[in-house]
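Asks: Next comes the structure file structure-v1.pdb, holding PDB, C-alpha atoms, pLDDT in the B column.
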```pdb
ATOM      1  CA  PRO A   1      48.768 -84.695   1.404  1.00 91.00           C
ATOM      2  CA  HIS A   2      46.944 -81.392   1.775  1.00 93.00           C
ATOM      3  CA  LEU A   3      45.594 -80.378   5.204  1.00 93.00           C
ATOM      4  CA  LEU A   4      42.858 -77.778   5.696  1.00 93.00           C
ATOM      5  CA  ILE A   5      42.716 -76.072   9.097  1.00 91.00           C
ATOM      6  CA  ILE A   6      39.493 -74.155   9.778  1.00 87.00           C
ATOM      7  CA  ARG A   7      39.495 -71.357  12.383  1.00 88.00           C
ATOM      8  CA  LEU A   8      36.749 -68.763  12.019  1.00 83.00           C
ATOM      9  CA  SER A   9      36.448 -67.678  15.639  1.00 80.00           C
ATOM     10  CA  ALA A  10      38.057 -64.976  17.771  1.00 82.00           C
ATOM     11  CA  LEU A  11      41.542 -63.565  17.260  1.00 82.00           C
ATOM     12  CA  GLY A  12      42.933 -65.418  20.283  1.00 84.00           C
ATOM     13  CA  ASP A  13      41.753 -68.783  18.975  1.00 85.00           C
ATOM     14  CA  VAL A  14      43.185 -68.111  15.539  1.00 87.00           C
ATOM     15  CA  ALA A  15      46.464 -66.804  16.978  1.00 87.00           C
ATOM     16  CA  MET A  16      46.873 -69.980  19.049  1.00 90.00           C
ATOM     17  CA  THR A  17      46.942 -72.026  15.837  1.00 90.00           C
ATOM     18  CA  VAL A  18      49.989 -70.151  14.484  1.00 92.00           C
ATOM     19  CA  PRO A  19      52.608 -72.130  16.473  1.00 92.00           C
ATOM     20  CA  VAL A  20      50.779 -75.376  15.678  1.00 93.00           C
ATOM     21  CA  VAL A  21      50.820 -74.660  11.945  1.00 93.00           C
ATOM     22  CA  ARG A  22      54.486 -73.620  12.132  1.00 92.00           C
ATOM     23  CA  ALA A  23      55.369 -76.868  13.956  1.00 93.00           C
ATOM     24  CA  LEU A  24      53.414 -78.980  11.449  1.00 92.00           C
ATOM     25  CA  ALA A  25      55.120 -77.282   8.518  1.00 92.00           C
ATOM     26  CA  GLY A  26      58.543 -77.834  10.062  1.00 91.00           C
ATOM     27  CA  THR A  27      57.917 -81.456  11.017  1.00 93.00           C
ATOM     28  CA  TYR A  28      56.228 -82.497   7.759  1.00 93.00           C
ATOM     29  CA  PRO A  29      57.862 -80.578   4.887  1.00 91.00           C
ATOM     30  CA  GLN A  30      55.933 -82.596   2.270  1.00 93.00           C
ATOM     31  CA  LEU A  31      52.564 -81.543   3.775  1.00 93.00           C
ATOM     32  CA  ARG A  32      50.658 -78.689   2.134  1.00 93.00           C
ATOM     33  CA  ILE A  33      48.665 -76.711   4.684  1.00 94.00           C
ATOM     34  CA  SER A  34      45.790 -74.318   3.993  1.00 93.00           C
ATOM     35  CA  VAL A  35      44.243 -72.217   6.739  1.00 92.00           C
ATOM     36  CA  LEU A  36      40.611 -71.138   6.308  1.00 92.00           C
ATOM     37  CA  SER A  37      39.774 -68.034   8.322  1.00 89.00           C
ATOM     38  CA  ARG A  38      38.526 -64.471   8.015  1.00 86.00           C
ATOM     39  CA  SER A  39      40.543 -61.848   6.151  1.00 83.00           C
ATOM     40  CA  TRP A  40      41.960 -60.180   9.274  1.00 88.00           C
ATOM     41  CA  ALA A  41      43.881 -63.405  10.082  1.00 86.00           C
ATOM     42  CA  ARG A  42      45.838 -63.458   6.791  1.00 88.00           C
ATOM     43  CA  PRO A  43      48.928 -61.602   8.156  1.00 90.00           C
ATOM     44  CA  LEU A  44      49.346 -64.257  10.854  1.00 89.00           C
ATOM     45  CA  PHE A  45      49.945 -66.978   8.257  1.00 88.00           C
ATOM     46  CA  GLU A  46      51.430 -65.162   5.227  1.00 87.00           C
ATOM     47  CA  ALA A  47      55.061 -65.272   6.361  1.00 85.00           C
ATOM     48  CA  MET A  48      55.128 -69.051   6.829  1.00 87.00           C
ATOM     49  CA  GLY A  49      56.353 -69.771   3.322  1.00 82.00           C
ATOM     50  CA  PRO A  50      54.951 -71.494   0.251  1.00 87.00           C
ATOM     51  CA  GLN A  51      53.967 -74.647   2.150  1.00 91.00           C
ATOM     52  CA  VAL A  52      51.245 -72.757   4.064  1.00 93.00           C
ATOM     53  CA  GLY A  53      48.402 -71.096   2.166  1.00 90.00           C
ATOM     54  CA  PHE A  54      45.508 -68.940   3.309  1.00 92.00           C
ATOM     55  CA  VAL A  55      41.877 -69.182   2.210  1.00 88.00           C
ATOM     56  CA  GLU A  56      39.631 -66.271   3.084  1.00 86.00           C
ATOM     57  CA  ALA A  57      36.110 -66.996   4.296  1.00 82.00           C
ATOM     58  CA  ASP A  58      34.075 -63.893   3.457  1.00 73.00           C
ATOM     59  CA  VAL A  59      31.122 -64.695   5.718  1.00 71.00           C
ATOM     60  CA  ARG A  60      29.613 -61.214   5.362  1.00 75.00           C
ATOM     61  CA  TRP A  61      29.290 -61.178   1.559  1.00 77.00           C
ATOM     62  CA  ARG A  62      30.610 -63.884  -0.745  1.00 76.00           C
ATOM     63  CA  HIS A  63      30.170 -66.865   1.594  1.00 72.00           C
ATOM     64  CA  LYS A  64      27.071 -65.657   3.454  1.00 79.00           C
ATOM     65  CA  GLY A  65      24.116 -67.996   3.896  1.00 78.00           C
ATOM     66  CA  ILE A  66      23.521 -71.434   2.414  1.00 86.00           C
ATOM     67  CA  GLY A  67      24.431 -70.350  -1.122  1.00 84.00           C
ATOM     68  CA  GLY A  68      27.665 -68.815   0.121  1.00 82.00           C
ATOM     69  CA  LEU A  69      28.599 -71.943   2.036  1.00 81.00           C
ATOM     70  CA  LEU A  70      27.996 -74.015  -1.076  1.00 86.00           C
ATOM     71  CA  ARG A  71      30.211 -71.621  -3.050  1.00 84.00           C
ATOM     72  CA  LEU A  72      32.943 -71.949  -0.401  1.00 77.00           C
ATOM     73  CA  GLY A  73      32.619 -75.736  -0.569  1.00 83.00           C
ATOM     74  CA  ARG A  74      33.097 -75.679  -4.348  1.00 84.00           C
ATOM     75  CA  GLU A  75      36.161 -73.456  -3.979  1.00 86.00           C
ATOM     76  CA  LEU A  76      37.652 -75.810  -1.395  1.00 86.00           C
ATOM     77  CA  ARG A  77      36.946 -78.927  -3.486  1.00 87.00           C
ATOM     78  CA  ARG A  78      39.092 -77.487  -6.287  1.00 88.00           C
ATOM     79  CA  MET A  79      42.057 -77.377  -3.898  1.00 89.00           C
ATOM     80  CA  ASP A  80      42.403 -81.196  -3.668  1.00 86.00           C
ATOM     81  CA  ILE A  81      42.300 -81.243   0.132  1.00 89.00           C
ATOM     82  CA  THR A  82      42.897 -84.684   1.636  1.00 91.00           C
ATOM     83  CA  HIS A  83      42.474 -83.949   5.366  1.00 89.00           C
ATOM     84  CA  VAL A  84      40.458 -81.442   7.426  1.00 91.00           C
TER      85      VAL A  84
END
```
Please express what this file holds, its structure, as C-alpha cells.

Replies:
Amino acid sequence: PHLLIIRLSALGDVAMTVPVVRALAGTYPQLRISVLSRSWARPLFEAMGPQVGFVEADVRWRHKGIGGLLRLGRELRRMDITHV
C-alpha cells in the first residue's frame, strides 16, 4: 500500500501532520507514505526515513492553473498511490 497525504495550507497545519505521519510509519512499517506539500515543508518530513517520501507542489510555477494541476496528477499517477 502507498498512502498520499496532501497538506498545502499553513505551516501550523502541515506541522501538525508530522507526528501523525511518524506514528503511521511506526505502526505500519510496510506502508509507503508520500506527503504532498509546498517546498518549505520538505525539512519537516525528510528525516523520517525511506518509508516516507515528499512530493513538492509548485503551485506558483510548474503546477499553476488547470494545466499545472493536470501535470501534478500525471506525476502522482506514476507513483502507484493506492490511498489518499

Asks: Near segment 13-17 of chain A, within 10 Å and counting all atoms listed in the file, which residues show up once chain neighbours fewer than 2 positions away are dropped, as a PyMOL selection string?

Replies: chain A and resi 5-11+19-23+35+37-38+41+44-45

Asks: For those residues, write C-alpha atoms to a file as a PDB file, keeping the file's coordinate frame.

Replies:
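Resulting contents of selection04.pdb:
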```
ATOM      1  CA  ILE A   5      42.716 -76.072   9.097  1.00 91.00           C
ATOM      2  CA  ILE A   6      39.493 -74.155   9.778  1.00 87.00           C
ATOM      3  CA  ARG A   7      39.495 -71.357  12.383  1.00 88.00           C
ATOM      4  CA  LEU A   8      36.749 -68.763  12.019  1.00 83.00           C
ATOM      5  CA  SER A   9      36.448 -67.678  15.639  1.00 80.00           C
ATOM      6  CA  ALA A  10      38.057 -64.976  17.771  1.00 82.00           C
ATOM      7  CA  LEU A  11      41.542 -63.565  17.260  1.00 82.00           C
ATOM      8  CA  PRO A  19      52.608 -72.130  16.473  1.00 92.00           C
ATOM      9  CA  VAL A  20      50.779 -75.376  15.678  1.00 93.00           C
ATOM     10  CA  VAL A  21      50.820 -74.660  11.945  1.00 93.00           C
ATOM     11  CA  ARG A  22      54.486 -73.620  12.132  1.00 92.00           C
ATOM     12  CA  ALA A  23      55.369 -76.868  13.956  1.00 93.00           C
ATOM     13  CA  VAL A  35      44.243 -72.217   6.739  1.00 92.00           C
ATOM     14  CA  SER A  37      39.774 -68.034   8.322  1.00 89.00           C
ATOM     15  CA  ARG A  38      38.526 -64.471   8.015  1.00 86.00           C
ATOM     16  CA  ALA A  41      43.881 -63.405  10.082  1.00 86.00           C
ATOM     17  CA  LEU A  44      49.346 -64.257  10.854  1.00 89.00           C
ATOM     18  CA  PHE A  45      49.945 -66.978   8.257  1.00 88.00           C
TER      19      PHE A  45
END
```

Asks: Can you work out the spacing between atom CA of Pro1 of chain A and atom CA of Ile33 of chain A in Å, to one decimal?

Replies: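 Computing the Euclidean distance for atom CA of Pro1 of chain A and atom CA of Ile33 of chain A yields 8.6 Å.
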
Asks: In Å, with one decimal, what is the gap from atom CA of Pro43 of chain A to atom CA of Gly67 of chain A?

Replies: 27.6 Å

Asks: Please write the residues picked by the PyMOL selection byres ((chain A and resi 82) around 6) on this file as a CSV table (one decimal) with C-alpha atoms, keeping the file's coordinate frame.

Replies:
```
chain,number,residue,atom,x,y,z
A,1,PRO,CA,48.8,-84.7,1.4
A,2,HIS,CA,46.9,-81.4,1.8
A,81,ILE,CA,42.3,-81.2,0.1
A,83,HIS,CA,42.5,-83.9,5.4
```

Asks: Fewer than 2 positions away in the same chain doesn't count, so skip those; otherwise give me all residues within 9 Å of Ala57 of chain A, counting all atoms listed in the file, as a ChimeraX atom specification.

Replies: /A:8,36-39,55,59-60,62-63,72

Asks: Counting all atoms listed in the file, which of A:Met48, A:Pro29, A:Arg42, A:Gly53 gets nearest to Met79 of chain A?

Replies: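 For Met79 of chain A, the nearest of the candidates is A:Gly53.
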
Asks: Pick out the closest residue to Gly49 of chain A from this set: A:Ile66, A:Leu31, A:Gly73, A:Ala25. Count all atoms listed in the file.

Replies: A:Ala25

Asks: Report, in Å with one decimal, the straight-line distance from atom CA of Ser34 of chain A to atom CA of Gln51 of chain A.

Replies: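 Result for atom CA of Ser34 of chain A versus atom CA of Gln51 of chain A: 8.4 Å, one decimal.
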
Asks: Reconstruct segment 27-38 of chain A at the level of all heavy atoms, and format the result as a short mmCIF file (atom, residue, chain, number, x, y, z; two decimals), in the frame of the given file.

Replies:
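The new file out.cif reads:
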```
data_model
loop_
_atom_site.label_atom_id
_atom_site.label_comp_id
_atom_site.auth_asym_id
_atom_site.auth_seq_id
_atom_site.Cartn_x
_atom_site.Cartn_y
_atom_site.Cartn_z
N THR A 27 57.80 -80.02 10.80
CA THR A 27 57.92 -81.46 11.02
C THR A 27 57.61 -82.26 9.76
O THR A 27 58.22 -83.30 9.52
CB THR A 27 56.97 -81.89 12.16
OG1 THR A 27 57.26 -81.11 13.32
CG2 THR A 27 57.13 -83.36 12.48
N TYR A 28 56.65 -81.79 8.97
CA TYR A 28 56.23 -82.50 7.76
C TYR A 28 56.40 -81.60 6.54
O TYR A 28 55.44 -81.01 6.05
CB TYR A 28 54.77 -82.93 7.89
CG TYR A 28 54.52 -83.81 9.08
CD1 TYR A 28 53.96 -83.30 10.25
CD2 TYR A 28 54.85 -85.16 9.05
CE1 TYR A 28 53.73 -84.11 11.35
CE2 TYR A 28 54.63 -85.97 10.14
CZ TYR A 28 54.08 -85.44 11.28
OH TYR A 28 53.87 -86.25 12.37
N PRO A 29 57.62 -81.50 6.01
CA PRO A 29 57.86 -80.58 4.89
C PRO A 29 57.11 -80.95 3.60
O PRO A 29 56.91 -80.09 2.75
CB PRO A 29 59.38 -80.65 4.69
CG PRO A 29 59.82 -81.88 5.38
CD PRO A 29 58.81 -82.18 6.45
N GLN A 30 56.67 -82.18 3.47
CA GLN A 30 55.93 -82.60 2.27
C GLN A 30 54.44 -82.26 2.36
O GLN A 30 53.72 -82.35 1.38
CB GLN A 30 56.10 -84.11 2.02
CG GLN A 30 55.31 -85.01 2.93
CD GLN A 30 55.83 -85.14 4.37
OE1 GLN A 30 56.82 -84.54 4.75
NE2 GLN A 30 55.15 -85.93 5.16
N LEU A 31 53.98 -81.84 3.54
CA LEU A 31 52.56 -81.54 3.78
C LEU A 31 52.23 -80.13 3.32
O LEU A 31 52.88 -79.16 3.71
CB LEU A 31 52.26 -81.69 5.27
CG LEU A 31 50.83 -81.40 5.73
CD1 LEU A 31 49.87 -82.42 5.15
CD2 LEU A 31 50.77 -81.40 7.25
N ARG A 32 51.20 -80.01 2.48
CA ARG A 32 50.66 -78.69 2.13
C ARG A 32 49.60 -78.36 3.17
O ARG A 32 48.77 -79.21 3.51
CB ARG A 32 50.03 -78.68 0.75
CG ARG A 32 51.03 -78.76 -0.35
CD ARG A 32 50.38 -78.62 -1.71
NE ARG A 32 48.98 -79.06 -1.70
CZ ARG A 32 48.18 -79.09 -2.74
NH1 ARG A 32 48.63 -78.71 -3.90
NH2 ARG A 32 46.96 -79.51 -2.66
N ILE A 33 49.60 -77.14 3.65
CA ILE A 33 48.66 -76.71 4.68
C ILE A 33 47.93 -75.47 4.19
O ILE A 33 48.55 -74.52 3.72
CB ILE A 33 49.39 -76.38 6.00
CG1 ILE A 33 50.19 -77.59 6.49
CG2 ILE A 33 48.42 -75.91 7.06
CD1 ILE A 33 51.14 -77.29 7.61
N SER A 34 46.60 -75.50 4.29
CA SER A 34 45.79 -74.32 3.99
C SER A 34 45.00 -73.97 5.24
O SER A 34 44.42 -74.85 5.88
CB SER A 34 44.83 -74.60 2.84
OG SER A 34 45.54 -74.80 1.65
N VAL A 35 44.98 -72.70 5.58
CA VAL A 35 44.24 -72.22 6.74
C VAL A 35 43.04 -71.43 6.24
O VAL A 35 43.19 -70.48 5.46
CB VAL A 35 45.13 -71.33 7.64
CG1 VAL A 35 44.34 -70.81 8.82
CG2 VAL A 35 46.35 -72.10 8.12
N LEU A 36 41.85 -71.83 6.67
CA LEU A 36 40.61 -71.14 6.31
C LEU A 36 40.20 -70.27 7.48
O LEU A 36 39.96 -70.78 8.58
CB LEU A 36 39.50 -72.15 5.99
CG LEU A 36 38.11 -71.57 5.75
CD1 LEU A 36 38.08 -70.75 4.47
CD2 LEU A 36 37.08 -72.68 5.70
N SER A 37 40.16 -68.96 7.27
CA SER A 37 39.77 -68.03 8.32
C SER A 37 39.28 -66.74 7.68
O SER A 37 39.20 -66.64 6.46
CB SER A 37 40.97 -67.75 9.25
OG SER A 37 40.53 -67.07 10.41
N ARG A 38 38.98 -65.77 8.52
CA ARG A 38 38.53 -64.47 8.02
C ARG A 38 39.73 -63.64 7.57
O ARG A 38 40.86 -63.90 7.97
CB ARG A 38 37.74 -63.76 9.09
CG ARG A 38 36.49 -64.55 9.45
CD ARG A 38 35.67 -63.88 10.47
NE ARG A 38 34.61 -64.79 10.90
CZ ARG A 38 33.61 -64.43 11.65
NH1 ARG A 38 33.52 -63.19 12.07
NH2 ARG A 38 32.70 -65.30 12.00
#
```
